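For reference, the structure discussed in these notes is given below.
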Amino acid sequence: MESLLNRFRHITVLLLVICAQLVLLAVQVKNDQDVRFIRIWTISAVTPVARFVEALRGGSAGFLHNYVTLHDTNAENRRLKDEVGRLKLENIFLKNELNTADRAKALQIFQSATPSKTLAANVIANSPGSDSKVVTINRGSLSGIERGMAVVTPDGIVGKVTAAYPTAAMVQLVTDPEFAAGVVSQKNQVRGTLKGQGTPMCKVDYVAMEEKVDPGEEFFTSGDDRVFPRGFPVGVVRTVRNVAGTNFKEILVDPIGVQHGVEDVLVILHGVHQDVPEAVPQNQPVYLTQPPPATTGPASGTDAPPKPAPGPGTEADKIRSVYKSIGEVENHTFGEGAPGTKPPDFNIKLPSTTPLAPGAAGSGTGDRSTQPPKPPTTTQAPAPGAKPPDAVRRANQAAGAPGGTAKQ
Amino acid sequence: MSYSESRILLNNQRESTVSRFRAWVLLAVPLAAILFQAYVPLFFPFLHVVEVPLLVVIYFAIMRRSQMSGLFIGCFVGLAQDSLSTNPLGMFGIADTLVGYFAASVGLRLDVDHPFMRLLLSSFFFIVHRFFYWVILRAMLGKMMAFDVQTTLVLALLNGVVGLSLFHFLDKLRETA
């Protein structure tokens with residue numbers, strides 16, 4: 001080595017001197033990015049070495065970690081599985097907490113909105129029994145709960161209190177076979193009795209065959225049972241069948257109050273009857289534009305009174321317009337004649353009368369011209385489609401007619 | 001005709017004679033050359049084409065016949081030139097170092113007392129110096145300067161002539177054996 005250095009001593013010194021001056025030059029000179037060459041050279045010289053060393057170190061460490069030191073992999077796998085299980089349980093618990101908070105909020109809103117005086121309670125236990133649908137709530141007689149009180153949720157009725165203890169109460173659910181409540185349908189106001197069957201579905205009993213109940217229709221409490229105030233949702237009709245050999249329909253209702261389980265309920269301490277909400281019309285109102293203006297054709301008579309403008313209206317409107325025309329022809333003002341004065345002649349023939357509905361007064365026939373005028377509202381026959389039989393039946397039903405049959 | 005005038009190439013190392021100079025000569029002559037290069041062209045601009053420091057480096061390198069001496073003289077003279085110019089330190093230093101080293105290497109094989117050889121060496125190393133300087137200028141400073149060969153050759157010949165006279169003067173400063 002020494003002989004080698006002695007042999008190339010001159011060239012070695014030359015290279016050293018040149019390198020020293022290059023370094024000196026690199027310290028002073030900068031490139032386009034204003035970085036000194038000495039820095040660029042240093043980094044360029046160090047980076048490959050550092051990359052090689054880092055690759056060597058990373059590769060060695062990875063090899064050791066991935067292939068050599070695997071003694072704790074199984075333990076770590078078990079630990080991770082336990083942690084995943086714990087996180088799943090925690091997730092379920094948090095979801096339940098969230099649902100509970102949502103239910104409590106809905107319950108609070110409903111409690112503030114309903115006019116009835118209510119008391120919030122939680123279901124704390126279920127009674128044993130295969131077909132028994134009775135639950136225990138955490139409020140009792142100390143809280144003012146008494147036997148026979150209604151239990152509801154914002155969705156609908158849940159049941160009624162069958163026993164009240166000091167700190168708890170037993171609630172018979174609507175699905176219990178012993179449960180019964182008076183209900184009324186929303187659309188056709190059909191009354192019946194809701195009964196539990198021990199299954200998720202309830203039935204509405206004592207609805208006559210001729211009553212009209214459609215699937216999808218909602219039932220509400222009628223208030224007849226003196227337990228549930230009128231107007232609380234009960235359930236939705238799923239099936240309606242006419243069973244041969246019986247006088248009543250078989251109606252199955254899905255109770256919406258217990259549809260998603262019962263956890264938070266409201267006990268009605270003092271019920272207030274409400275109206276059954278009106279059914280949403282199936283057909284939305286359609287906008288109709290104004291009728292076109294009447295065409296001004298040649299007049300049939302110069303002295304003829306103005307023809308009443310035919311427009312949309314009821315039969316009573318048409319009769320009123322005819323009487324008004326008669327009064328204008330005879331210069332009679334309705335409501336001014338004293339008793340005993342001559343009434344207007346309703347049998348005169350108007351130059352051009354609007355055809356009236358059958359049975360309307362003042363039709364202008366020869367045989368009836370001598371007959372005295374009849375009050376149109378009491379003697380006329382109902383126009384086709386003017387008053388449907390269902391409306392009559394509903395009116396009679398509201399008046400207390402049995403079976404809801406039309407009163408003739 | 002002296003011995004040195006009759007032969008240009010030496011047969012062996014033993015035929016070469018090493019010239020010796022006093023210390024003040026080794027110090028004063030390069031300093032004077034640098035000062036000449038720095039100040040005289042201010043008053044006589046046409047003299048800036050004469051590279052007196054380079055000629056001094058070439059002279060001491062070939063006359064002392066030592067590569068180490070040649071490269072150190074070249075290094076010091078070049079750095080001194082850089083310090084008096086606007087160039088970064090090392091531009092002339094590297095070029096003069098290489099010239100001093102190679103001039104000393106060549107001086108070992110040639111009869112450097114021959115006037116023609118001196119003219120030739122002066123001109124050749126002027127070109128070498130210009131080439132090294134051009135390379136360093138492009139590589140380090142990124143300046144894309146053209147290497148004008150014709151001008152360089154003319155200047156090389158001119159510096160060779162000047163160097164011939166300068167070397168004759170500097171021969172008077174050699175120590176006599």
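Order determines the names: the first chain of the structure tokens is A, the second B, and so forth; residues in each chain are numbered 1 upward, and ligands are numbered 1 upward as they are shown.
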Please report as CSV every residue of chain B lying within 12 Å of chain A, along with the nearest atom pair and their distance in Å (one decimal), using only C-alpha atoms.
residue,atom,partner,partner_atom,distance
B:Ser66,CA,A:His10,CA,9.3
B:Gln67,CA,A:His10,CA,6.5
B:Met68,CA,A:His10,CA,6.2
B:Ser69,CA,A:His10,CA,9.9
B:Gly70,CA,A:Leu14,CA,10.0
B:Leu71,CA,A:Leu14,CA,6.8
B:Phe72,CA,A:Val17,CA,8.3
B:Ile73,CA,A:Val17,CA,11.5
B:Gly74,CA,A:Val17,CA,10.5
B:Cys75,CA,A:Val17,CA,7.8
B:Phe76,CA,A:Val17,CA,10.6
B:Gly78,CA,A:Gln21,CA,10.3
B:Leu79,CA,A:Gln21,CA,8.9
B:Asp82,CA,A:Leu25,CA,10.6
B:Thr86,CA,A:Gln28,CA,11.7
B:Asn87,CA,A:Leu25,CA,9.5
B:Pro88,CA,A:Leu25,CA,6.1
B:Leu89,CA,A:Leu25,CA,5.8
B:Gly90,CA,A:Gln21,CA,5.1
B:Met91,CA,A:Leu25,CA,7.2
B:Phe92,CA,A:Gln21,CA,9.7
B:Gly93,CA,A:Gln21,CA,7.0
B:Ile94,CA,A:Ile18,CA,5.8
B:Ala95,CA,A:Ile18,CA,9.0
B:Asp96,CA,A:Ile18,CA,10.2
B:Thr97,CA,A:Ile18,CA,7.4
B:Leu98,CA,A:Leu14,CA,7.7
B:Val99,CA,A:Leu14,CA,10.9
B:Gly100,CA,A:Leu14,CA,10.0
B:Tyr101,CA,A:Leu14,CA,7.4
B:Phe102,CA,A:Leu14,CA,10.1
B:Ala104,CA,A:His10,CA,10.9
B:Ser105,CA,A:His10,CA,10.0
B:Ile136,CA,A:Leu22,CA,9.5
B:Leu137,CA,A:Leu25,CA,10.9
B:Ala139,CA,A:Asn31,CA,10.8
B:Met140,CA,A:Val29,CA,7.2
B:Leu141,CA,A:Val29,CA,6.9
B:Gly142,CA,A:Asn31,CA,8.2
B:Lys143,CA,A:Asn31,CA,11.3
Next item on the list: Pick out the residues sitting within 10 Å of Thr152 (chain B), and hand them over as a ChimeraX atom specification; count only C-alpha atoms, and ignore anything fewer than 4 positions along from it in its own chain.
Entry: /B:123,126-127,130-131,147-148,156-158
Next item on the list: List the neighbours of Val234 (chain A) out to 10 Å using only C-alpha atoms; skip same-chain residues closer than 6 positions along the sequence, and give me the result as a list in words.
Entry: Val152, Asp155, Gly156, Ile157, Val158, Val174, Ala181, Gly182, Val183, Val184, Ser185, Leu194, Cys202, Glu218, Phe219, Phe220, Thr221, Ser222, Val253, Asp254, Pro255, Ile256, Gly257 and Val258 of chain A
Checklist line | alpha helix (DSSP H) residues, from DSSP on the backbone, in region 17-124 of chain B, as a ChimeraX atom specification | finding: /B:23-43,52-64,67-84,91-107,115-124
Applying 6 Å and only C-alpha atoms, which residues near region 262-273 of chain A remain after dropping the ones on its own chain fewer than 5 positions away? List them as a PDB file with C-alpha atoms, in the first residue's frame.
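Now in part-v1.pdb:
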ATOM      1  CA  SER A 116    -105.016  14.152  27.352  1.00  0.00           C
ATOM      2  CA  LYS A 117    -103.079  14.095  30.591  1.00  0.00           C
ATOM      3  CA  THR A 118    -100.484  11.376  30.298  1.00  0.00           C
ATOM      4  CA  LEU A 119     -97.687   9.836  32.303  1.00  0.00           C
ATOM      5  CA  ALA A 120     -94.571   8.362  30.747  1.00  0.00           C
ATOM      6  CA  ALA A 121     -93.565   4.876  31.784  1.00  0.00           C
ATOM      7  CA  ASN A 122     -91.116   2.174  30.769  1.00  0.00           C
ATOM      8  CA  VAL A 123     -91.817  -1.482  30.253  1.00  0.00           C
ATOM      9  CA  ALA A 150    -105.360   3.364  28.646  1.00  0.00           C
ATOM     10  CA  VAL A 151    -101.765   2.932  27.593  1.00  0.00           C
ATOM     11  CA  VAL A 152    -100.649   4.425  24.308  1.00  0.00           C
ATOM     12  CA  THR A 153     -97.592   5.428  22.310  1.00  0.00           C
ATOM     13  CA  PRO A 229    -110.410   8.385  24.438  1.00  0.00           C
ATOM     14  CA  ARG A 230    -111.746   8.861  20.944  1.00  0.00           C
TER      15      ARG A 230
END
